[in-house]
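Colleague: Structure in structure tokens, see below.
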There are 4 protein chains.
Amino acid sequence: MEGTARLEAFSDGIFAIAATLLVLELGITEPRQLTHWQSYLAYVTSFVTIGIIWINHHHTVALLGRVDRTMLFATNQLHLTVAFLPSPTKLVAVFLNKRGERSAVLAYAATFTVMAAMHQVGWQYASRGRRLIADRTPESALRGVDLAYAPGVPMYGLTLVVAFFSPLASALLTFATAAFYLPSAALFDR
Amino acid sequence: MEGTARLEAFSDGIFAIAATLLVLELGITEPRQLTHWQSYLAYVTSFVTIGIIWINHHHTVALLGRVDRTMLFATNQLHLTVAFLPSPTKLVAVFLNKRGERSAVLAYAATFTVMAAMHQVGWQYASRGRRLIADRTPESALRGVDLAYAPGVPMYGLTLVVAFFSPLASALLTFATAAFYLPSAALFDR
Amino acid sequence: MEGTARLEAFSDGIFAIAATLLVLELGITEPRQLTHWQSYLAYVTSFVTIGIIWINHHHTVALLGRVDRTMLFATNQLHLTVAFLPSPTKLVAVFLNKRGERSAVLAYAATFTVMAAMHQVGWQYASRGRRLIADRTPESALRGVDLAYAPGVPMYGLTLVVAFFSPLASALLTFATAAFYLPSAALFDR
Amino acid sequence: MEGTARLEAFSDGIFAIAATLLVLELGITEPRQLTHWQSYLAYVTSFVTIGIIWINHHHTVALLGRVDRTMLFATNQLHLTVAFLPSPTKLVAVFLNKRGERSAVLAYAATFTVMAAMHQVGWQYASRGRRLIADRTPESALRGVDLAYAPGVPMYGLTLVVAFFSPLASALLTFATAAFYLPSAALFDR
């Protein structure tokens, strides 16, 4: 496999495993916990967000003509953050609306913020001066990705701020972001 | 990799990981639990069902000519449900024939029902008006898949209803569905 | 991807995940357990055996020209058994030389026996009358695989019998089988 | 897929799974443990090191023209060690600066040393007399890899010795090695 194909395959692996491991950290170990809605909120939010990152990552890599070691390392940092997500997800699943919820949601929001920042860093490195961009990729496609990724860091930064005032509101906002990104991303594709 | 190949690879990853994680939730942590047949019933049922979904998914994707973002999101919902399966599987493995078995089996049956529904939704979206179907795919192949997928939701809906009256009967019915689908699916392939 | 390539990829996924999950069931959660040699014995035996199965499976699939649904289902049963391996591995890791060791090692030996039998069943189905064998594959290659796979079931059956008399001897025999198969398999390749 | 491509895919699977499983062994199960910096130190060190091994392995395999069974087995031993890493990582995450830290860090350093040694063994086997090297690979590329891999075993051997005197210093040294290898490896690529 060539450079970008193998990077994609490795990223796919990390994303798929991280998403699938989420269930092990659900915090539902007895039937009476099945009504614990916080577990589903955290699970669905994290799973859908990883799905969106996967689609965006796929979209981005398709514009590249090659990868270099710096890009591999930037991607590795993104992997590290995505792979870390099951941990704060579990804390939110178990502790939302309980004692310690503020720290749990702060960790959750911080992880998403770092994730969005890492995604942005990788993209900026690859697209600046068309460093790793394929010749076939039109300039308009780059502007489209710039626009699509721009809200990520401010949005998750906002959930971080909100978490100080209301952990529940922050968690719901993160869920809403995931739910909103779906049609938005679909729209942007046309 | 092109669109459908990469979607397949990602689905394969999710299905393989979810199936393999089942063993971590088996509930057999001591030698004297080795005779706890409920664990094997739940494990084999879930594992074989994921295997069938994998085969069917493979069969379906082979008929597609392309994927779009909506299809990716529909597939993501299917992934989410399959990846969730280890959780209710564990509840059935540990609590069948014990206090709380009804909730456990209801969650199990509900997960399978949603899974079948998500599979149906993706297929209907892709095949309606041959939206994503490859030109090479004959109309008869589409009708074949329609027929093969039609029993899924009613069948698992039935296990959901049965779970209210007899959790054990519902679990056995889910196992029987998995066991029955094997030769049936093999037959349909000819 | 074509039939055999995708089957290989899925098998690779199952084997890689099952092998990597073994570490989660190692039973070493505190520094003072680091001298618990039974954990390493069980871990290395299972890991190397999965590695051998992977190599053999790769060797087998390379001789095939196509797969059918029956072969997929036979392979699914092999997957099911390999994916189950972390559970008895943990029991051996934790209970060898302790109370309950006999049941633990019996479960371990039984799992390996079923695994070898499933491997044999898949191979017999594929090779009988050259049902799924590629035209390019010489008859001598089939005889070579027949010879190489023949000892599997009797060998693991023997570890099952030995487990009744001495669990430790059975576990060591399983380890020796894994260690022995390496040069043997390498030899057979020439 | 041909020999080297399939070996790469399998290695990618093992590396991706081992890296992603690290989070399950983080030892952060309550919000108040979120300030437990030892968990992050161990997690990031192990994750980045696996990432470096992945990049180096990719670089190495790209120089090969073929693989044989001996190479597969050498690679299997590397896989075994990488897959084992989550276990000592957890011990360091939980016990650094606590009772038992020496054994924990010794196990950690020993695992990295074995990992570097296995990597070296595989490379020496493949490159000695250009045994598995592709015709297209220039001799200078082999010398480059020789130079790049040479510090691995002595470096991790040093962390092993340091662990006897100061577990914390050893853990920090392992982290520094991972952090240092990034730009170094990038440099070597030019």
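Chain labels A, B, ... are given in the sequence in which chains occur in the structure tokens; within each chain residues are numbered consecutively from 1, and ligands are likewise numbered from 1 in the order shown.
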Contacts from chain D to chain B, 12 Å maximum, only C-alpha atoms: show me the residue list as an NGL selection string.
Modeller: :D and (9 or 13 or 16-17 or 20-21)
Colleague: Since we have the selection now, will you write its residues out, keeping N, CA and C atoms, as an mmCIF file, in the first residue's frame?
Modeller:
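What landed in part.cif:
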```cif
data_model
loop_
_atom_site.group_PDB
_atom_site.id
_atom_site.type_symbol
_atom_site.label_atom_id
_atom_site.label_comp_id
_atom_site.auth_asym_id
_atom_site.auth_seq_id
_atom_site.Cartn_x
_atom_site.Cartn_y
_atom_site.Cartn_z
ATOM 1 N N ALA D 9 -0.445 -5.354 7.168
ATOM 2 C CA ALA D 9 -1.816 -5.168 7.642
ATOM 3 C C ALA D 9 -2.004 -5.817 9.007
ATOM 4 N N GLY D 13 -2.757 -3.969 12.610
ATOM 5 C CA GLY D 13 -3.850 -4.351 13.495
ATOM 6 C C GLY D 13 -3.377 -4.499 14.935
ATOM 7 N N ALA D 16 -2.330 -1.050 16.365
ATOM 8 C CA ALA D 16 -3.480 -0.171 16.606
ATOM 9 C C ALA D 16 -4.284 -0.646 17.806
ATOM 10 N N ILE D 17 -4.478 -1.953 17.922
ATOM 11 C CA ILE D 17 -5.282 -2.475 19.036
ATOM 12 C C ILE D 17 -4.546 -2.283 20.356
ATOM 13 N N THR D 20 -4.708 1.286 21.415
ATOM 14 C CA THR D 20 -6.040 1.728 21.811
ATOM 15 C C THR D 20 -6.484 1.084 23.120
ATOM 16 N N LEU D 21 -5.991 -0.142 23.387
ATOM 17 C CA LEU D 21 -6.342 -0.806 24.650
ATOM 18 C C LEU D 21 -5.708 -0.131 25.863
#
```
Colleague: With only C-alpha atoms as the counted atoms, please give the residues lying no more than 12 Å from Thr137 of chain A, apart from itself and same-chain residues fewer than 6 positions off, as a list in words.
Modeller: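 The residues that qualify are His59, Thr60, Val61, Ala62, Leu63, Leu64, Gly65, Ser127, Arg130, Arg143, Gly144 and Val145 of chain A.
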Colleague: Can you write just those residues out, N, CA and C atoms, as a PDB file, in the first residue's frame?
Modeller:
```pdb
ATOM      1  N   HIS A  59     -12.292  12.368   4.192  1.00  0.00           N
ATOM      2  CA  HIS A  59     -12.453  13.448   3.231  1.00  0.00           C
ATOM      3  C   HIS A  59     -11.138  14.212   3.060  1.00  0.00           C
ATOM      4  N   THR A  60     -10.451  14.456   4.174  1.00  0.00           N
ATOM      5  CA  THR A  60      -9.198  15.199   4.137  1.00  0.00           C
ATOM      6  C   THR A  60      -8.100  14.415   3.415  1.00  0.00           C
ATOM      7  N   VAL A  61      -7.935  13.157   3.817  1.00  0.00           N
ATOM      8  CA  VAL A  61      -6.845  12.354   3.274  1.00  0.00           C
ATOM      9  C   VAL A  61      -7.023  12.166   1.760  1.00  0.00           C
ATOM     10  N   ALA A  62      -8.293  12.161   1.313  1.00  0.00           N
ATOM     11  CA  ALA A  62      -8.558  12.006  -0.120  1.00  0.00           C
ATOM     12  C   ALA A  62      -8.005  13.173  -0.934  1.00  0.00           C
ATOM     13  N   LEU A  63      -7.765  14.309  -0.256  1.00  0.00           N
ATOM     14  CA  LEU A  63      -7.235  15.476  -0.959  1.00  0.00           C
ATOM     15  C   LEU A  63      -5.707  15.472  -1.010  1.00  0.00           C
ATOM     16  N   LEU A  64      -5.103  14.601  -0.213  1.00  0.00           N
ATOM     17  CA  LEU A  64      -3.641  14.578  -0.131  1.00  0.00           C
ATOM     18  C   LEU A  64      -3.038  13.780  -1.278  1.00  0.00           C
ATOM     19  N   GLY A  65      -1.854  14.162  -1.667  1.00  0.00           N
ATOM     20  CA  GLY A  65      -1.120  13.401  -2.664  1.00  0.00           C
ATOM     21  C   GLY A  65      -0.057  12.521  -2.030  1.00  0.00           C
ATOM     22  N   SER A 127      -2.133  21.524   4.341  1.00  0.00           N
ATOM     23  CA  SER A 127      -2.685  22.386   3.287  1.00  0.00           C
ATOM     24  C   SER A 127      -1.886  23.682   3.102  1.00  0.00           C
ATOM     25  N   ARG A 130      -0.086  24.241   0.040  1.00  0.00           N
ATOM     26  CA  ARG A 130      -0.390  22.952  -0.623  1.00  0.00           C
ATOM     27  C   ARG A 130       0.722  21.930  -0.394  1.00  0.00           C
ATOM     28  N   ARG A 143     -10.569  25.401   0.431  1.00  0.00           N
ATOM     29  CA  ARG A 143     -11.346  26.434   1.136  1.00  0.00           C
ATOM     30  C   ARG A 143     -12.561  25.811   1.812  1.00  0.00           C
ATOM     31  N   GLY A 144     -13.181  24.835   1.133  1.00  0.00           N
ATOM     32  CA  GLY A 144     -14.334  24.154   1.723  1.00  0.00           C
ATOM     33  C   GLY A 144     -13.979  23.467   3.037  1.00  0.00           C
ATOM     34  N   VAL A 145     -12.831  22.787   3.054  1.00  0.00           N
ATOM     35  CA  VAL A 145     -12.410  22.117   4.289  1.00  0.00           C
ATOM     36  C   VAL A 145     -12.069  23.145   5.363  1.00  0.00           C
TER      37      VAL A 145
END
```
Colleague: Got a sec: who's within 12 Å of Phe165 of chain C, counting only C-alpha atoms, leaving out chain neighbours fewer than 5 positions off, as a PyMOL selection string?
Modeller: chain C and resi 101-103+105-106+158-160+170-171
Colleague: Once you have the residues from the selection above, write them out as a tab-separated table (two decimals), in the first residue's frame, restricted to C-alpha atoms.
Modeller:
```
chain	number	residue	atom	x	y	z
C	101	GLU	CA	-7.05	-25.68	38.15
C	102	ARG	CA	-8.45	-28.93	36.68
C	103	SER	CA	-11.62	-27.25	35.32
C	105	VAL	CA	-7.10	-26.46	32.12
C	106	LEU	CA	-9.87	-28.75	30.83
C	158	LEU	CA	-4.16	-35.65	24.18
C	159	THR	CA	-3.77	-32.44	26.22
C	160	LEU	CA	-7.44	-32.84	27.12
C	170	SER	CA	-1.40	-30.47	30.14
C	171	ALA	CA	-0.64	-26.74	30.15
```
Colleague: Excluding same-chain residues fewer than 4 positions from Leu78 of chain B, what lies within 7 Å of it counting only C-alpha atoms, as a ChimeraX atom specification?
Modeller: /B:74,82,115,118-119
Colleague: So what do you get for atom CA of Ala176 of chain A versus atom CA of Gly157 of chain B, distance-wise?
Modeller: 29.7 Å
Colleague: Excluding Asn76 of chain B and residues on its chain fewer than 5 positions from it, collect all residues at most 12 Å away from it, counting only C-alpha atoms, and give them as an NGL selection string.
Modeller: (:A and (16 or 19-20 or 44 or 47-55 or 182)) or (:B and (7-8 or 10-11 or 14-15 or 69-71 or 81-83 or 115 or 118-119 or 121-122))
Colleague: Quote the spacing between atom CA of Leu172 of chain A and atom CA of Thr113 of chain A in Å to one decimal place.
Modeller: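 For atom CA of Leu172 of chain A relative to atom CA of Thr113 of chain A, the distance reads 15.4 Å.
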Colleague: Could you check which of B:Ser166, B:Thr177, B:Thr4, B:Gln38 is closest to Asp68 of chain B, using only C-alpha atoms?
Modeller: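 The closest residue to Asp68 of chain B is B:Thr4.
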Colleague: Considering only alpha helix (DSSP H) as DSSP defines it on the backbone, what residues of segment 1-96 of chain B qualify? List them as an MDAnalysis selection string.
Modeller: chainID B and resid 3:21 37:61 69:84 86:95
Colleague: When you draw a straight line from atom CA of Tyr181 of chain A to atom CA of Ala18 of chain A, how long is it in Å?
Modeller: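 Taking atom CA of Tyr181 of chain A as the start and atom CA of Ala18 of chain A as the end point, the length is 19.9 Å.
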Colleague: Could you pull the residues within 6 Å of Ala104 of chain D, counting only C-alpha atoms, minus those fewer than 4 positions along the same chain, as a ChimeraX atom specification?
Modeller: /C:31 /D:91-92
